[in-house]
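What follows is a single structure, written as structure tokens, with notes after it.
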Amino acid sequence: MYILKSFIFIMSINSELKNLKFLLNAGINEFLQDTPNSKYDINNQKKESDKMLSNKNIQDINTLEELKEFIANFNDCALKQKATQTVFADGNSAAKIMLIGEAPGAEEDRLGKPFVGRAGKLLDRMLSSINLDRNTVYITNVIPWRPPGNREPSTEEILQCLPFIQKHIEIIKPSILVLLGGTAAKTILTTNHGITKLRGIWHTYNNLKLNKPIPTRAIFHPAFLLRSPERKKETWLDLLEIQKKL
């Protein structure tokens with residue numbers, strides 16, 4: 001049942017992406033939503049700079065500061081309304097290695113940084129084992145807001161946030177991408193394969209805005225390793241391969 005759900009999930013993403021590309025190529029850049037859109041509301045308290053940024057196309061963003069503010073002012077994803085705050089990133093923006101997880105958990109939502117809970121502490125130990133730390137890597141998530149109850153983000157939520165992580169990668173331009181867990185791996189690699197098939201080998205991530213493809217490694221999510229410590233040996237082998245690539 002888990003495999004079937006995962007297959008349906010990623011096939012839905014692929015189908016939606018193809019539909020979106022077709023509509024964008026046809027010149028359509030606005031879509032109706034199930035929830036009200038406040039774009040026509042007048043807010044006299046809103047700063048003029050915020051108005052300008054909210055109307056800015058994400059394709060025109062060139063810096064992390066602009067992206068962070070753009071996401072903070074994005075109101076079309078219902079997850080934002082239920083989250084305590086936006087969790088943008090942590091680490092060194094000049095690092096060669098970029099780690100991408102799924103979404104913030106309760107502790108991340110409270111503190112505003114990715115991977116600061118139990119899974120985050122394990123991630124720190126994993127990085128330390130190959131002589132890395134938060135000063136030598138850059139960490140973010142596919143989704144910047146915590147899904148209620150730490151549930152998996154829906155296909156719609158992933159598609160809404162997909163431009164954020166794509167732009168994030170464009171700006172950082174890492175030498176290596178490390179995808180933490182199945183959701184991040186399937187989203188970034190646009191595949192229907194599960195994490196057990198994706199880990200253990202090198203993939204490539206490409207984007208029209210990048211000069212060259214980025215070597216990409218998918219590994220088990222630290223939260224999964226806390227539940228299944230017997231899989232840590234496989235992750236250790238992945239970490240050694242990442243160390244070699246660096």
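FYI, nothing fancy with the structure tokens labels: chains A, B, ... in order, residues from 1 per chain, ligands from 1 as they appear.
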
Identify, on the basis of only C-alpha atoms, every residue whose closest approach to A:Glu107 does not exceed 10 Å; exclude the query and any residue fewer than 3 positions from it along the same chain; express the result as a PyMOL selection string.
-> chain A and resi 104+110-118+120+146

Stretch 104-201 of chain A: residues DSSP assigns to strand (DSSP E or B), reported as a PyMOL selection string = chain A and resi 137-141+176-180

Give me, as CSV, each residue of stretch 68-117 of chain A that comes within 10 Å of stretch 204-227 of chain A, together with its shortest interatomic pair and the distance in Å at one decimal, counting only C-alpha atoms, with rows ordered by chain and rising residue number.
residue,atom,partner,partner_atom,distance
A:Ile97,CA,A:Thr216,CA,9.8
A:Met98,CA,A:Thr216,CA,9.6
A:Leu99,CA,A:Arg217,CA,9.6
A:Ile100,CA,A:Ala218,CA,9.6
A:Gly101,CA,A:His221,CA,7.5
A:Glu102,CA,A:His221,CA,8.7
A:Phe115,CA,A:Pro222,CA,9.2
A:Gly117,CA,A:Ala223,CA,9.5

Nearby residues (only C-alpha atoms) at most 12 Å from A:Trp145, same-chain spacing under 4 positions excluded, as a PyMOL selection string | chain A and resi 71-72+74-75+77-89+102-110+112-114+140-141+149-153+157-158+160-161+164

What does the file look like for those residues with C-alpha atoms, as a PDB file, in the first residue's frame?
ATOM      1  CA  ILE A  71       8.468  33.519   0.482  1.00  0.00           C
ATOM      2  CA  ALA A  72       7.610  35.420   3.680  1.00  0.00           C
ATOM      3  CA  PHE A  74       3.659  34.545  -0.235  1.00  0.00           C
ATOM      4  CA  ASN A  75       0.102  33.856   0.941  1.00  0.00           C
ATOM      5  CA  CYS A  77      -0.231  28.232   0.379  1.00  0.00           C
ATOM      6  CA  ALA A  78      -2.607  27.324   3.204  1.00  0.00           C
ATOM      7  CA  LEU A  79       0.252  25.800   5.232  1.00  0.00           C
ATOM      8  CA  LYS A  80       1.559  29.285   5.983  1.00  0.00           C
ATOM      9  CA  GLN A  81      -1.632  30.223   7.826  1.00  0.00           C
ATOM     10  CA  LYS A  82      -1.213  27.299  10.243  1.00  0.00           C
ATOM     11  CA  ALA A  83       2.547  27.562  10.795  1.00  0.00           C
ATOM     12  CA  THR A  84       4.192  29.629  13.507  1.00  0.00           C
ATOM     13  CA  GLN A  85       6.759  31.054  11.110  1.00  0.00           C
ATOM     14  CA  THR A  86       8.529  30.556   7.795  1.00  0.00           C
ATOM     15  CA  VAL A  87      11.572  28.266   8.021  1.00  0.00           C
ATOM     16  CA  PHE A  88      13.946  29.460   5.314  1.00  0.00           C
ATOM     17  CA  ALA A  89      17.435  27.968   5.687  1.00  0.00           C
ATOM     18  CA  GLU A 102      11.036  17.681   3.316  1.00  0.00           C
ATOM     19  CA  ALA A 103       9.453  20.258   5.646  1.00  0.00           C
ATOM     20  CA  PRO A 104       9.883  21.748   9.126  1.00  0.00           C
ATOM     21  CA  GLY A 105       8.796  19.813  12.197  1.00  0.00           C
ATOM     22  CA  ALA A 106       7.466  21.176  15.479  1.00  0.00           C
ATOM     23  CA  GLU A 107      10.846  22.278  16.841  1.00  0.00           C
ATOM     24  CA  GLU A 108      11.860  23.814  13.516  1.00  0.00           C
ATOM     25  CA  ASP A 109       8.560  25.684  13.365  1.00  0.00           C
ATOM     26  CA  ARG A 110       9.172  27.027  16.873  1.00  0.00           C
ATOM     27  CA  GLY A 112      12.599  29.103  12.651  1.00  0.00           C
ATOM     28  CA  LYS A 113      15.546  26.941  11.528  1.00  0.00           C
ATOM     29  CA  PRO A 114      15.623  23.621   9.657  1.00  0.00           C
ATOM     30  CA  THR A 140      16.827  24.027   3.577  1.00  0.00           C
ATOM     31  CA  ASN A 141      13.554  22.192   2.841  1.00  0.00           C
ATOM     32  CA  GLY A 149       0.805  17.250  12.813  1.00  0.00           C
ATOM     33  CA  ASN A 150       4.040  16.768  10.851  1.00  0.00           C
ATOM     34  CA  ARG A 151       2.079  15.035   8.104  1.00  0.00           C
ATOM     35  CA  GLU A 152       3.553  14.603   4.635  1.00  0.00           C
ATOM     36  CA  PRO A 153       2.947  17.616   2.381  1.00  0.00           C
ATOM     37  CA  GLU A 157       1.489  21.980  -1.472  1.00  0.00           C
ATOM     38  CA  ILE A 158       4.661  20.638  -3.076  1.00  0.00           C
ATOM     39  CA  GLN A 160       3.014  25.518  -4.785  1.00  0.00           C
ATOM     40  CA  CYS A 161       6.439  25.526  -3.120  1.00  0.00           C
ATOM     41  CA  PHE A 164      10.974  28.272  -4.107  1.00  0.00           C
TER      42      PHE A 164
END

Find the spatial neighbours of A:Asn135, counting only C-alpha atoms, within a cut-off of 8 Å - ignore same-chain residues fewer than 4 positions away - and output them as a PDB file with C-alpha atoms, in the first residue's frame.
ATOM      1  CA  GLY A  91      24.225  27.147   7.306  1.00  0.00           C
ATOM      2  CA  ASN A  92      26.724  28.713   4.940  1.00  0.00           C
ATOM      3  CA  ALA A  95      29.066  26.163   0.893  1.00  0.00           C
TER       4      ALA A  95
END

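Going from atom CA of A:Glu66 to atom CA of A:Thr183 covers 25.8 Å.
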
Shortest contact to A:Lys232, candidates A:Val178, A:Thr187, A:Arg125, A:Arg134, atoms counted only C-alpha atoms, goes to A:Arg125

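The space between atom CA of A:Glu234 and atom CA of A:Leu189 spans 20.2 Å.
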
Going by DSSP on the backbone, which bits of stretch 122-220 of chain A are helix (DSSP H, G or I)? Write them as a PyMOL selection string, please.
-> chain A and resi 122-128+148-150+155-172+182-189+195-198

Go ahead and dump the residues you just picked, N, CA and C atoms, as a compact mmCIF listing (two decimals), in the first residue's frame.
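File produced: out-v3.txt:
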# COMPACT_ATOMS: atom_id res chain seq x y z
N LEU A 122 20.76 14.32 14.93
CA LEU A 122 21.36 13.17 14.24
C LEU A 122 22.04 13.63 12.95
N LEU A 123 21.41 14.55 12.24
CA LEU A 123 22.03 15.08 11.02
C LEU A 123 23.37 15.73 11.33
N ASP A 124 23.45 16.46 12.42
CA ASP A 124 24.72 17.07 12.82
C ASP A 124 25.80 16.01 13.03
N ARG A 125 25.43 14.90 13.65
CA ARG A 125 26.40 13.82 13.88
C ARG A 125 26.80 13.16 12.55
N MET A 126 25.84 13.04 11.65
CA MET A 126 26.13 12.47 10.33
C MET A 126 27.12 13.34 9.58
N LEU A 127 26.91 14.64 9.63
CA LEU A 127 27.82 15.57 8.95
C LEU A 127 29.20 15.53 9.59
N SER A 128 29.22 15.48 10.91
CA SER A 128 30.50 15.46 11.64
C SER A 128 31.32 14.23 11.27
N PRO A 148 0.54 20.58 9.38
CA PRO A 148 -0.06 20.26 10.69
C PRO A 148 0.17 18.80 11.08
N GLY A 149 0.58 18.61 12.33
CA GLY A 149 0.81 17.25 12.81
C GLY A 149 2.00 16.56 12.19
N ASN A 150 2.87 17.34 11.54
CA ASN A 150 4.04 16.77 10.85
C ASN A 150 3.67 15.77 9.76
N THR A 155 0.49 16.86 -2.69
CA THR A 155 0.99 17.17 -4.03
C THR A 155 0.79 18.65 -4.35
N GLU A 156 -0.38 19.17 -4.01
CA GLU A 156 -0.67 20.59 -4.28
C GLU A 156 0.30 21.49 -3.53
N GLU A 157 0.57 21.16 -2.28
CA GLU A 157 1.49 21.98 -1.47
C GLU A 157 2.91 21.94 -2.03
N ILE A 158 3.33 20.77 -2.49
CA ILE A 158 4.66 20.64 -3.08
C ILE A 158 4.76 21.46 -4.36
N LEU A 159 3.73 21.41 -5.20
CA LEU A 159 3.74 22.18 -6.44
C LEU A 159 3.74 23.68 -6.17
N GLN A 160 3.03 24.10 -5.13
CA GLN A 160 3.01 25.52 -4.79
C GLN A 160 4.39 26.01 -4.35
N CYS A 161 5.14 25.14 -3.66
CA CYS A 161 6.44 25.53 -3.12
C CYS A 161 7.61 25.14 -4.03
N LEU A 162 7.35 24.38 -5.07
CA LEU A 162 8.42 23.92 -5.95
C LEU A 162 9.26 25.07 -6.53
N PRO A 163 8.66 26.17 -6.97
CA PRO A 163 9.49 27.28 -7.49
C PRO A 163 10.45 27.84 -6.45
N PHE A 164 10.09 27.77 -5.16
CA PHE A 164 10.97 28.27 -4.11
C PHE A 164 12.28 27.49 -4.07
N ILE A 165 12.18 26.15 -4.03
CA ILE A 165 13.38 25.33 -3.91
C ILE A 165 14.19 25.35 -5.19
N GLN A 166 13.52 25.46 -6.33
CA GLN A 166 14.24 25.56 -7.61
C GLN A 166 15.05 26.85 -7.65
N LYS A 167 14.45 27.96 -7.24
CA LYS A 167 15.16 29.23 -7.20
C LYS A 167 16.28 29.18 -6.16
N HIS A 168 16.03 28.52 -5.05
CA HIS A 168 17.03 28.37 -3.99
C HIS A 168 18.30 27.71 -4.56
N ILE A 169 18.10 26.64 -5.31
CA ILE A 169 19.24 25.93 -5.90
C ILE A 169 19.95 26.81 -6.92
N GLU A 170 19.19 27.54 -7.71
CA GLU A 170 19.77 28.45 -8.71
C GLU A 170 20.69 29.48 -8.06
N ILE A 171 20.26 30.01 -6.93
CA ILE A 171 21.04 31.06 -6.26
C ILE A 171 22.28 30.49 -5.58
N ILE A 172 22.14 29.37 -4.88
CA ILE A 172 23.27 28.77 -4.17
C ILE A 172 24.30 28.17 -5.13
N GLY A 182 12.55 10.58 1.08
CA GLY A 182 11.82 10.29 -0.14
C GLY A 182 11.14 11.48 -0.78
N THR A 183 10.49 12.32 0.01
CA THR A 183 9.77 13.46 -0.56
C THR A 183 10.72 14.41 -1.28
N ALA A 184 11.82 14.75 -0.64
CA ALA A 184 12.80 15.65 -1.28
C ALA A 184 13.38 15.01 -2.52
N ALA A 185 13.71 13.73 -2.44
CA ALA A 185 14.33 13.04 -3.57
C ALA A 185 13.37 12.96 -4.76
N LYS A 186 12.13 12.56 -4.52
CA LYS A 186 11.18 12.42 -5.63
C LYS A 186 10.82 13.78 -6.22
N THR A 187 10.77 14.80 -5.38
CA THR A 187 10.43 16.13 -5.87
C THR A 187 11.55 16.72 -6.73
N ILE A 188 12.76 16.70 -6.22
CA ILE A 188 13.89 17.32 -6.92
C ILE A 188 14.30 16.51 -8.15
N LEU A 189 14.26 15.19 -8.06
CA LEU A 189 14.66 14.34 -9.18
C LEU A 189 13.50 14.04 -10.13
N ILE A 195 12.84 6.04 -2.04
CA ILE A 195 14.17 6.37 -1.56
C ILE A 195 15.08 5.15 -1.51
N THR A 196 14.56 3.97 -1.30
CA THR A 196 15.40 2.77 -1.25
C THR A 196 16.04 2.47 -2.60
N LYS A 197 15.37 2.88 -3.69
CA LYS A 197 15.95 2.70 -5.02
C LYS A 197 16.83 3.88 -5.41
N LEU A 198 16.52 5.05 -4.89
CA LEU A 198 17.25 6.25 -5.28
C LEU A 198 18.58 6.39 -4.56

In Å, how far is it from atom CA of A:Trp236 to atom CA of A:Pro147?
-> 29.1 Å
